[in-house]
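Student: Can you keep this structure in mind? I'll have questions shortly.
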Protein chains: 2
Amino acid sequence: MKLVCAQNNLNSHLSLVSRAVSSRPTHPVLANVLLNADAATQRVSLSAFDLSLGIQTSFAAQVQESGSLTLPAKLLGDIVSRLPDGDITLDSGADSDGGLTTLTCASGRYQMRGMGAEEFPELPVIEDGELATLSAEALIDGLRGSLFAASADETKQVLTGVHLSLQPDGLEFAATDGHRLSVVQMIEEDASPDRSKSETALNVTIPAKALQELIKMLGQGGSSVAVQFDQGQAIFEWTDQRLTSRLLEGQYPNYRQLIPKQFTHQMTVDRRLLLGALERISVLADQKNNIVKLSLDGSNQELTLSVDAQDVGSGRETMPAQISGDSLDVAFNVKYLVDGLKAIATSEVQMQLNTATSPAILSPLGSIKMTYLVMPVQVRN
Amino acid sequence: MKLVCAQNNLNSHLSLVSRAVSSRPTHPVLANVLLNADAATQRVSLSAFDLSLGIQTSFAAQVQESGSLTLPAKLLGDIVSRLPDGDITLDSGADSDGGLTTLTCASGRYQMRGMGAEEFPELPVIEDGELATLSAEALIDGLRGSLFAASADETKQVLTGVHLSLQPDGLEFAATDGHRLSVVQMIEEDASPDRSKSETALNVTIPAKALQELIKMLGQGGSSVAVQFDQGQAIFEWTDQRLTSRLLEGQYPNYRQLIPKQFTHQMTVDRRLLLGALERISVLADQKNNIVKLSLDGSNQELTLSVDAQDVGSGRETMPAQISGDSLDVAFNVKYLVDGLKAIATSEVQMQLNTATSPAILSPLGSIKMTYLVMPVQVRN
């Protein structure tokens, strides 16, 4: 294998795949990145795979000699990222399996010991064509609107992922940690009207970690993303890039039945005002039990937030709100409200409630279809 | 106490003093910030003191009622930093010792329990006038040029600080961790020609932590800084701000005798080129024993850096250098060279050496007077 490429190209693509390099590899080759140079297409592909998350990316290079090999990902990335702009030559010499690869740049040369490409495990593939196609923006919106509600507690297994289910006209994203639930519906770009019933029964749970990497990768641009999944893997594929992830096993909770159909109270309020006040209130709530009290005053069309952290202090903020329904006092874990408001991008949010002990719904006003369910906290007066 | 001030004023000054708030206070009041409002001067001063580091700052406010009190520094800072721009009213009501203080802003009000100002320890003062006056820039240069060489190992006691000694025309800064030494001489703005011998015998060692805070504070501007010290304290004072620090006890090493007077080899090289190459070399050196070999080639006027990390790889970079003296191979801990080159700001650096086993000196070319001494590492070929 011999190729010449630009430092900034190699650097950015190495840093992209580095997220799938195992930090504690079960096999030495998993600490490496697989390089595949093709003289016919004049392209180089890089792959990394920790057996759960896999990332593959490719870019144009002057490939003088086709070939495959693996190099230590961290070592190569650390050297390349410190090189100045300019051309880099990678040459594995005569023997490409396990020998020394030479990196030459304007200022000097480095030699690194790699491993043969044949030892590197292949990234998963799914044979059965595409299942759904979303714009990168829609996919990011769906993930941002759900990921935050997933559990960070590894023992919660299936709750540490986001549940994706195929709908007749798009994808539904759901995440819950047992205390709150967020559901987002995203419409497909070219919804195929003849999606069969057997297909819409397909639903999978993908580890949050893989989806966080997916958001970062998509943030660098990308047009349409093809989403595929079978019973073991999910694959996201777009221009020159591919991310694969194993699925989380286990039955995902039947969350749709948790969402109330009717509400006696409805409130519309400025998202930034509410978020700002909650963040200040949370400073005091942190000192105590994280509880904030919301008092909806229908006659004055005002929402009052209050916190009382005995021995430390207390706080109270009031803001205008459009309220329908009687006055109502209801308490929440302030963190759950803050998380939801941060995941929403609209200028106004809607809150729907029934009683001080039944689930409330927070949703953006005039944007994507997102339903964020939070359980109130019961407090004694 | 009652005052009205701008949110951004109170916020920036609270964050300034917060650095001297004890994270694990030995007395509850040390977790608080002392507020002192003076109706006559229409100013508020804030003080924090962890019994080692003390910071005081003051700013203009509408003081309606003079008074002093202390409030929980983190709580107050966290709330104020989250408030929108606008006026903030602080009112301690009738009883200012230990009662509730009310903070009122446009959106709401907060109450916090404080402690009486009389419980707050006074910040140290030195009676014997100013000793030296440096521009903020000179002080920052002196600290940046020395601080990095101090030991981070708390058991090294006096070596965890920077040694300041009063010179006839300025201040000398020195720091060493036992493996390398950096000495910087800064000239005073208005050197008093009649500084007596007893004064120039004054020298102290100040904890690195306090000096790191000093750099951050000075980075926000400031003109001339008055430096005072006695046998127990150092005080830095400038426009509306003051930092006090206890001194480190113990005899500081007699470092001047370590610096060679004559050299057989001298090299001038581009600082960025050398730093860049060393940072790449260090990626491989990290894998082994951190050793980089420098080969000075007088006949070709070239410097070659090389590293050999067996089983991992090797690297070699060459750059132009002005070299006087015979060719010489000498090895260093790459980290020490990188640290020194980062602390220097000039485009060229000078390196002076004798043999592969005697101390070498790195210094900036055409800037402040800084002497950075590094011991070579002995390697067997």
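Just remember, in the structure tokens the first chain shown is A, the second B, etc., residues are 1-based per chain, and ligands are 1-based in the order shown.
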Would you kindly return, as an NGL selection string, each protein, DNA or RNA residue with an atom no farther than 9 Å from any atom of range 133-149 of chain B, considering only C-alpha atoms and excluding same-chain residues fewer than 5 positions away?

Tutor: :B and (161-162 or 170-177 or 179-191 or 208 or 211-212 or 214-215 or 218-219 or 221-228 or 238 or 336 or 339-340 or 343-344 or 368 or 370-372)

Student: Would you mind listing, for every residue of chain A within 8 Å of chain B, the two atoms forming the shortest contact and the distance between them in Å to one decimal, using only C-alpha atoms, sorted by chain and ascending residue number, as a tab-separated table?

Tutor:
residue	atom	partner	partner_atom	distance
A:Leu75	CA	B:Val283	CA	6.6
A:Asp78	CA	B:Val283	CA	6.4
A:Ile79	CA	B:Arg280	CA	5.3
A:Arg82	CA	B:Arg280	CA	5.8
A:Leu83	CA	B:Arg280	CA	7.2
A:Leu100	CA	B:Gly313	CA	7.7
A:Ser107	CA	B:Glu317	CA	5.6
A:Gly108	CA	B:Glu317	CA	4.1
A:Arg109	CA	B:Arg316	CA	5.5
A:Tyr110	CA	B:Gly315	CA	4.1
A:Gln111	CA	B:Gly313	CA	5.0
A:Met112	CA	B:Gly313	CA	4.2
A:Arg113	CA	B:Val312	CA	5.5
A:Gly276	CA	B:Arg82	CA	7.0
A:Ala277	CA	B:Ser107	CA	7.9
A:Glu279	CA	B:Arg82	CA	7.0
A:Arg280	CA	B:Ile79	CA	5.3
A:Ile281	CA	B:Ile79	CA	7.9
A:Val283	CA	B:Ile79	CA	6.3
A:Leu284	CA	B:Leu75	CA	7.4
A:Asp311	CA	B:Arg113	CA	6.9
A:Val312	CA	B:Arg113	CA	5.5
A:Gly313	CA	B:Met112	CA	4.2
A:Ser314	CA	B:Gln111	CA	5.1
A:Gly315	CA	B:Tyr110	CA	4.1
A:Arg316	CA	B:Arg109	CA	5.5
A:Glu317	CA	B:Gly108	CA	4.1
A:Thr318	CA	B:Gly108	CA	6.2
A:Met319	CA	B:Ser107	CA	7.2

Student: Restricting it to N, CA, C and O atoms, dump the selection as an mmCIF file, in the first residue's frame.

Tutor:
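Written output follows (again-v2.cif):
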data_model
loop_
_atom_site.group_PDB
_atom_site.id
_atom_site.type_symbol
_atom_site.label_atom_id
_atom_site.label_comp_id
_atom_site.auth_asym_id
_atom_site.auth_seq_id
_atom_site.Cartn_x
_atom_site.Cartn_y
_atom_site.Cartn_z
ATOM 1 N N LEU A 75 -1.878 6.348 18.153
ATOM 2 C CA LEU A 75 -0.538 6.784 17.779
ATOM 3 C C LEU A 75 -0.583 7.532 16.447
ATOM 4 O O LEU A 75 -0.069 8.659 16.322
ATOM 5 N N ASP A 78 -2.493 10.854 16.837
ATOM 6 C CA ASP A 78 -1.738 11.855 17.604
ATOM 7 C C ASP A 78 -0.626 12.473 16.763
ATOM 8 O O ASP A 78 -0.357 13.675 16.860
ATOM 9 N N ILE A 79 0.055 11.670 15.956
ATOM 10 C CA ILE A 79 1.127 12.210 15.109
ATOM 11 C C ILE A 79 0.533 13.066 13.990
ATOM 12 O O ILE A 79 0.927 14.216 13.789
ATOM 13 N N ARG A 82 -0.693 16.518 14.796
ATOM 14 C CA ARG A 82 0.342 17.484 15.142
ATOM 15 C C ARG A 82 1.181 17.897 13.935
ATOM 16 O O ARG A 82 2.090 18.716 14.059
ATOM 17 N N LEU A 83 0.911 17.291 12.771
ATOM 18 C CA LEU A 83 1.678 17.648 11.578
ATOM 19 C C LEU A 83 1.151 18.950 10.983
ATOM 20 O O LEU A 83 -0.034 19.248 11.085
ATOM 21 N N LEU A 100 6.573 -2.694 9.096
ATOM 22 C CA LEU A 100 6.611 -1.287 9.462
ATOM 23 C C LEU A 100 6.029 -0.453 8.326
ATOM 24 O O LEU A 100 6.344 -0.662 7.160
ATOM 25 N N SER A 107 8.697 17.597 7.075
ATOM 26 C CA SER A 107 9.701 17.832 8.109
ATOM 27 C C SER A 107 10.431 16.573 8.564
ATOM 28 O O SER A 107 11.469 16.664 9.219
ATOM 29 N N GLY A 108 9.889 15.383 8.244
ATOM 30 C CA GLY A 108 10.581 14.194 8.728
ATOM 31 C C GLY A 108 9.828 12.927 8.393
ATOM 32 O O GLY A 108 8.925 12.932 7.557
ATOM 33 N N ARG A 109 10.214 11.829 9.033
ATOM 34 C CA ARG A 109 9.530 10.564 8.760
ATOM 35 C C ARG A 109 9.343 9.757 10.042
ATOM 36 O O ARG A 109 10.163 9.800 10.959
ATOM 37 N N TYR A 110 8.236 9.012 10.070
ATOM 38 C CA TYR A 110 7.892 8.194 11.220
ATOM 39 C C TYR A 110 7.629 6.778 10.739
ATOM 40 O O TYR A 110 7.109 6.579 9.649
ATOM 41 N N GLN A 111 8.008 5.804 11.563
ATOM 42 C CA GLN A 111 7.697 4.416 11.247
ATOM 43 C C GLN A 111 6.850 3.825 12.354
ATOM 44 O O GLN A 111 7.099 4.084 13.540
ATOM 45 N N MET A 112 5.835 3.081 11.952
ATOM 46 C CA MET A 112 4.921 2.497 12.925
ATOM 47 C C MET A 112 4.687 1.036 12.610
ATOM 48 O O MET A 112 4.599 0.650 11.452
ATOM 49 N N ARG A 113 4.556 0.246 13.666
ATOM 50 C CA ARG A 113 4.297 -1.176 13.482
ATOM 51 C C ARG A 113 2.791 -1.410 13.465
ATOM 52 O O ARG A 113 2.086 -1.015 14.401
ATOM 53 N N GLY A 276 -34.788 29.813 32.031
ATOM 54 C CA GLY A 276 -33.919 30.685 32.840
ATOM 55 C C GLY A 276 -34.335 30.664 34.305
ATOM 56 O O GLY A 276 -33.504 30.498 35.205
ATOM 57 N N ALA A 277 -35.648 30.823 34.548
ATOM 58 C CA ALA A 277 -36.137 30.839 35.931
ATOM 59 C C ALA A 277 -35.889 29.494 36.611
ATOM 60 O O ALA A 277 -35.457 29.437 37.766
ATOM 61 N N GLU A 279 -33.551 27.351 35.952
ATOM 62 C CA GLU A 279 -32.123 27.167 36.220
ATOM 63 C C GLU A 279 -31.702 27.934 37.476
ATOM 64 O O GLU A 279 -30.842 27.470 38.229
ATOM 65 N N ARG A 280 -32.285 29.083 37.700
ATOM 66 C CA ARG A 280 -31.976 29.818 38.948
ATOM 67 C C ARG A 280 -32.578 29.098 40.148
ATOM 68 O O ARG A 280 -31.927 28.900 41.171
ATOM 69 N N ILE A 281 -33.852 28.691 39.995
ATOM 70 C CA ILE A 281 -34.535 27.964 41.073
ATOM 71 C C ILE A 281 -33.756 26.689 41.423
ATOM 72 O O ILE A 281 -33.651 26.300 42.589
ATOM 73 N N VAL A 283 -30.683 26.148 41.557
ATOM 74 C CA VAL A 283 -29.532 26.375 42.436
ATOM 75 C C VAL A 283 -29.936 26.099 43.885
ATOM 76 O O VAL A 283 -29.208 25.449 44.636
ATOM 77 N N LEU A 284 -31.114 26.566 44.264
ATOM 78 C CA LEU A 284 -31.607 26.299 45.622
ATOM 79 C C LEU A 284 -32.199 24.897 45.736
ATOM 80 O O LEU A 284 -32.030 24.231 46.756
ATOM 81 N N ASP A 311 -33.232 26.311 55.901
ATOM 82 C CA ASP A 311 -31.896 26.577 56.449
ATOM 83 C C ASP A 311 -30.962 27.219 55.418
ATOM 84 O O ASP A 311 -29.905 27.726 55.775
ATOM 85 N N VAL A 312 -31.314 27.154 54.144
ATOM 86 C CA VAL A 312 -30.439 27.720 53.122
ATOM 87 C C VAL A 312 -31.062 28.983 52.542
ATOM 88 O O VAL A 312 -30.469 30.054 52.561
ATOM 89 N N GLY A 313 -32.283 28.870 52.057
ATOM 90 C CA GLY A 313 -32.950 30.025 51.490
ATOM 91 C C GLY A 313 -34.161 29.615 50.699
ATOM 92 O O GLY A 313 -34.584 28.462 50.716
ATOM 93 N N SER A 314 -34.732 30.572 49.993
ATOM 94 C CA SER A 314 -35.926 30.300 49.200
ATOM 95 C C SER A 314 -35.934 31.211 47.989
ATOM 96 O O SER A 314 -35.204 32.200 47.939
ATOM 97 N N GLY A 315 -36.735 30.862 46.991
ATOM 98 C CA GLY A 315 -36.806 31.670 45.780
ATOM 99 C C GLY A 315 -38.175 31.592 45.155
ATOM 100 O O GLY A 315 -38.934 30.636 45.388
ATOM 101 N N ARG A 316 -38.488 32.576 44.355
ATOM 102 C CA ARG A 316 -39.831 32.696 43.774
ATOM 103 C C ARG A 316 -39.737 33.552 42.532
ATOM 104 O O ARG A 316 -39.198 34.657 42.576
ATOM 105 N N GLU A 317 -40.222 33.041 41.399
ATOM 106 C CA GLU A 317 -40.241 33.829 40.165
ATOM 107 C C GLU A 317 -41.621 33.713 39.524
ATOM 108 O O GLU A 317 -42.262 32.664 39.601
ATOM 109 N N THR A 318 -42.043 34.789 38.878
ATOM 110 C CA THR A 318 -43.359 34.807 38.243
ATOM 111 C C THR A 318 -43.214 35.249 36.797
ATOM 112 O O THR A 318 -42.387 36.110 36.496
ATOM 113 N N MET A 319 -43.985 34.637 35.915
ATOM 114 C CA MET A 319 -43.908 35.030 34.500
ATOM 115 C C MET A 319 -45.284 34.909 33.867
ATOM 116 O O MET A 319 -46.129 34.144 34.341
#

Student: Report the residues of range 243-273 of chain B whose backbone DSSP state falls under strand (DSSP E or B), written as a ChimeraX atom specification.

Tutor: /B:243-246,265-270

Student: For the residues in the current selection, export N, CA, C and O atoms as a PDB file, in the first residue's frame.

Tutor:
ATOM      1  N   LEU B 243      -4.693  40.639  46.014  1.00  0.00           N
ATOM      2  CA  LEU B 243      -4.554  39.202  46.244  1.00  0.00           C
ATOM      3  C   LEU B 243      -3.499  39.013  47.328  1.00  0.00           C
ATOM      4  O   LEU B 243      -2.418  39.600  47.260  1.00  0.00           O
ATOM      5  N   THR B 244      -3.824  38.213  48.345  1.00  0.00           N
ATOM      6  CA  THR B 244      -2.848  37.930  49.400  1.00  0.00           C
ATOM      7  C   THR B 244      -2.592  36.432  49.419  1.00  0.00           C
ATOM      8  O   THR B 244      -3.484  35.644  49.120  1.00  0.00           O
ATOM      9  N   SER B 245      -1.364  36.071  49.738  1.00  0.00           N
ATOM     10  CA  SER B 245      -1.044  34.645  49.837  1.00  0.00           C
ATOM     11  C   SER B 245      -0.072  34.412  50.973  1.00  0.00           C
ATOM     12  O   SER B 245       0.860  35.189  51.177  1.00  0.00           O
ATOM     13  N   ARG B 246      -0.291  33.330  51.702  1.00  0.00           N
ATOM     14  CA  ARG B 246       0.706  32.912  52.675  1.00  0.00           C
ATOM     15  C   ARG B 246       1.945  32.469  51.899  1.00  0.00           C
ATOM     16  O   ARG B 246       1.870  32.172  50.694  1.00  0.00           O
ATOM     17  N   HIS B 265      28.925  24.941  23.111  1.00  0.00           N
ATOM     18  CA  HIS B 265      28.018  24.812  21.971  1.00  0.00           C
ATOM     19  C   HIS B 265      26.883  25.823  22.095  1.00  0.00           C
ATOM     20  O   HIS B 265      26.368  26.038  23.194  1.00  0.00           O
ATOM     21  N   GLN B 266      26.537  26.404  20.965  1.00  0.00           N
ATOM     22  CA  GLN B 266      25.411  27.324  20.971  1.00  0.00           C
ATOM     23  C   GLN B 266      24.596  27.089  19.706  1.00  0.00           C
ATOM     24  O   GLN B 266      25.152  26.895  18.623  1.00  0.00           O
ATOM     25  N   MET B 267      23.269  27.103  19.866  1.00  0.00           N
ATOM     26  CA  MET B 267      22.396  26.853  18.714  1.00  0.00           C
ATOM     27  C   MET B 267      21.221  27.813  18.763  1.00  0.00           C
ATOM     28  O   MET B 267      20.632  28.040  19.818  1.00  0.00           O
ATOM     29  N   THR B 268      20.879  28.391  17.603  1.00  0.00           N
ATOM     30  CA  THR B 268      19.677  29.214  17.500  1.00  0.00           C
ATOM     31  C   THR B 268      18.742  28.520  16.524  1.00  0.00           C
ATOM     32  O   THR B 268      19.155  28.091  15.443  1.00  0.00           O
ATOM     33  N   VAL B 269      17.455  28.402  16.933  1.00  0.00           N
ATOM     34  CA  VAL B 269      16.511  27.642  16.107  1.00  0.00           C
ATOM     35  C   VAL B 269      15.124  28.270  16.205  1.00  0.00           C
ATOM     36  O   VAL B 269      14.803  28.944  17.195  1.00  0.00           O
ATOM     37  N   ASP B 270      14.321  28.081  15.175  1.00  0.00           N
ATOM     38  CA  ASP B 270      12.954  28.593  15.164  1.00  0.00           C
ATOM     39  C   ASP B 270      12.129  27.874  16.237  1.00  0.00           C
ATOM     40  O   ASP B 270      12.063  26.645  16.254  1.00  0.00           O
TER      41      ASP B 270
END

Student: Restricting the calculation to only C-alpha atoms: of A:Leu69, A:Met351, A:Val204, A:Leu362, which residue gets closest to Tyr252 in chain A?

Tutor: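 Selected residue with least distance to Tyr252 in chain A: A:Val204.
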
Student: Excluding Pro376 in chain A and its own-chain neighbours fewer than 2 positions away, which residues fall within 12 Å of it when counting only C-alpha atoms? Please give them as a PyMOL selection string.

Tutor: chain A and resi 179-180+291-294+329-334+336-337+353-361+373-374+378-379

Student: Kindly export the residues of the current selection with N, CA and C atoms, as a compact mmCIF listing (two decimals), in the first residue's frame.

Tutor:
# COMPACT_ATOMS: atom_id res chain seq x y z
N HIS A 179 -38.53 7.51 34.81
CA HIS A 179 -39.12 8.66 35.50
C HIS A 179 -39.74 9.64 34.53
N ARG A 180 -39.19 9.68 33.32
CA ARG A 180 -39.74 10.56 32.30
C ARG A 180 -39.55 9.87 30.96
N ILE A 291 -36.89 19.75 44.20
CA ILE A 291 -38.30 19.97 43.86
C ILE A 291 -38.60 21.45 43.62
N VAL A 292 -39.27 21.73 42.51
CA VAL A 292 -39.77 23.07 42.24
C VAL A 292 -41.29 23.00 42.20
N LYS A 293 -41.94 24.02 42.78
CA LYS A 293 -43.40 24.05 42.76
C LYS A 293 -43.86 24.99 41.66
N LEU A 294 -44.77 24.54 40.80
CA LEU A 294 -45.37 25.38 39.77
C LEU A 294 -46.78 25.73 40.21
N ASP A 329 -51.65 23.80 41.63
CA ASP A 329 -50.29 23.72 42.17
C ASP A 329 -49.75 22.32 41.90
N VAL A 330 -48.56 22.25 41.32
CA VAL A 330 -48.00 20.94 41.01
C VAL A 330 -46.48 21.03 41.14
N ALA A 331 -45.86 19.96 41.66
CA ALA A 331 -44.41 19.99 41.90
C ALA A 331 -43.70 18.99 40.99
N PHE A 332 -42.49 19.36 40.54
CA PHE A 332 -41.70 18.48 39.67
C PHE A 332 -40.25 18.43 40.15
N ASN A 333 -39.55 17.42 39.70
CA ASN A 333 -38.10 17.41 39.81
C ASN A 333 -37.60 18.44 38.80
N VAL A 334 -36.93 19.48 39.29
CA VAL A 334 -36.56 20.61 38.44
C VAL A 334 -35.63 20.17 37.30
N TYR A 336 -35.72 17.41 35.56
CA TYR A 336 -36.46 16.82 34.44
C TYR A 336 -37.05 17.92 33.56
N LEU A 337 -37.58 18.98 34.19
CA LEU A 337 -38.15 20.08 33.39
C LEU A 337 -37.04 20.77 32.59
N LEU A 353 -51.71 19.31 31.60
CA LEU A 353 -51.76 18.62 32.89
C LEU A 353 -53.19 18.24 33.23
N ASN A 354 -53.31 17.31 34.16
CA ASN A 354 -54.62 16.99 34.73
C ASN A 354 -54.64 17.35 36.22
N THR A 355 -53.97 16.55 37.03
CA THR A 355 -53.94 16.84 38.47
C THR A 355 -52.49 16.91 38.94
N ALA A 356 -52.31 17.19 40.24
CA ALA A 356 -50.97 17.31 40.81
C ALA A 356 -50.30 15.95 40.96
N THR A 357 -51.01 14.87 40.63
CA THR A 357 -50.43 13.53 40.80
C THR A 357 -50.49 12.72 39.52
N SER A 358 -50.89 13.33 38.42
CA SER A 358 -50.95 12.56 37.17
C SER A 358 -49.96 13.14 36.16
N PRO A 359 -49.53 12.32 35.20
CA PRO A 359 -48.45 12.75 34.29
C PRO A 359 -48.77 14.03 33.53
N ALA A 360 -47.73 14.85 33.35
CA ALA A 360 -47.86 16.09 32.58
C ALA A 360 -47.05 15.93 31.29
N ILE A 361 -47.46 16.69 30.28
CA ILE A 361 -46.80 16.63 28.97
C ILE A 361 -46.23 18.00 28.62
N LEU A 373 -43.10 13.42 28.57
CA LEU A 373 -43.95 13.13 29.71
C LEU A 373 -43.12 13.15 31.00
N VAL A 374 -43.60 13.89 31.99
CA VAL A 374 -42.93 13.95 33.30
C VAL A 374 -43.95 13.66 34.39
N GLN A 378 -45.06 14.21 44.53
CA GLN A 378 -46.07 14.53 45.54
C GLN A 378 -45.42 15.23 46.71
N VAL A 379 -45.94 16.39 47.12
CA VAL A 379 -45.37 17.07 48.28
C VAL A 379 -46.47 17.33 49.30

Student: Quick one: residues within 10 Å of Val44 in chain B, only C-alpha atoms, excluding same-chain residues fewer than 3 positions away - as an NGL selection string?

Tutor: :B and (3 or 5 or 10 or 35-39 or 41 or 57-63 or 66-68)
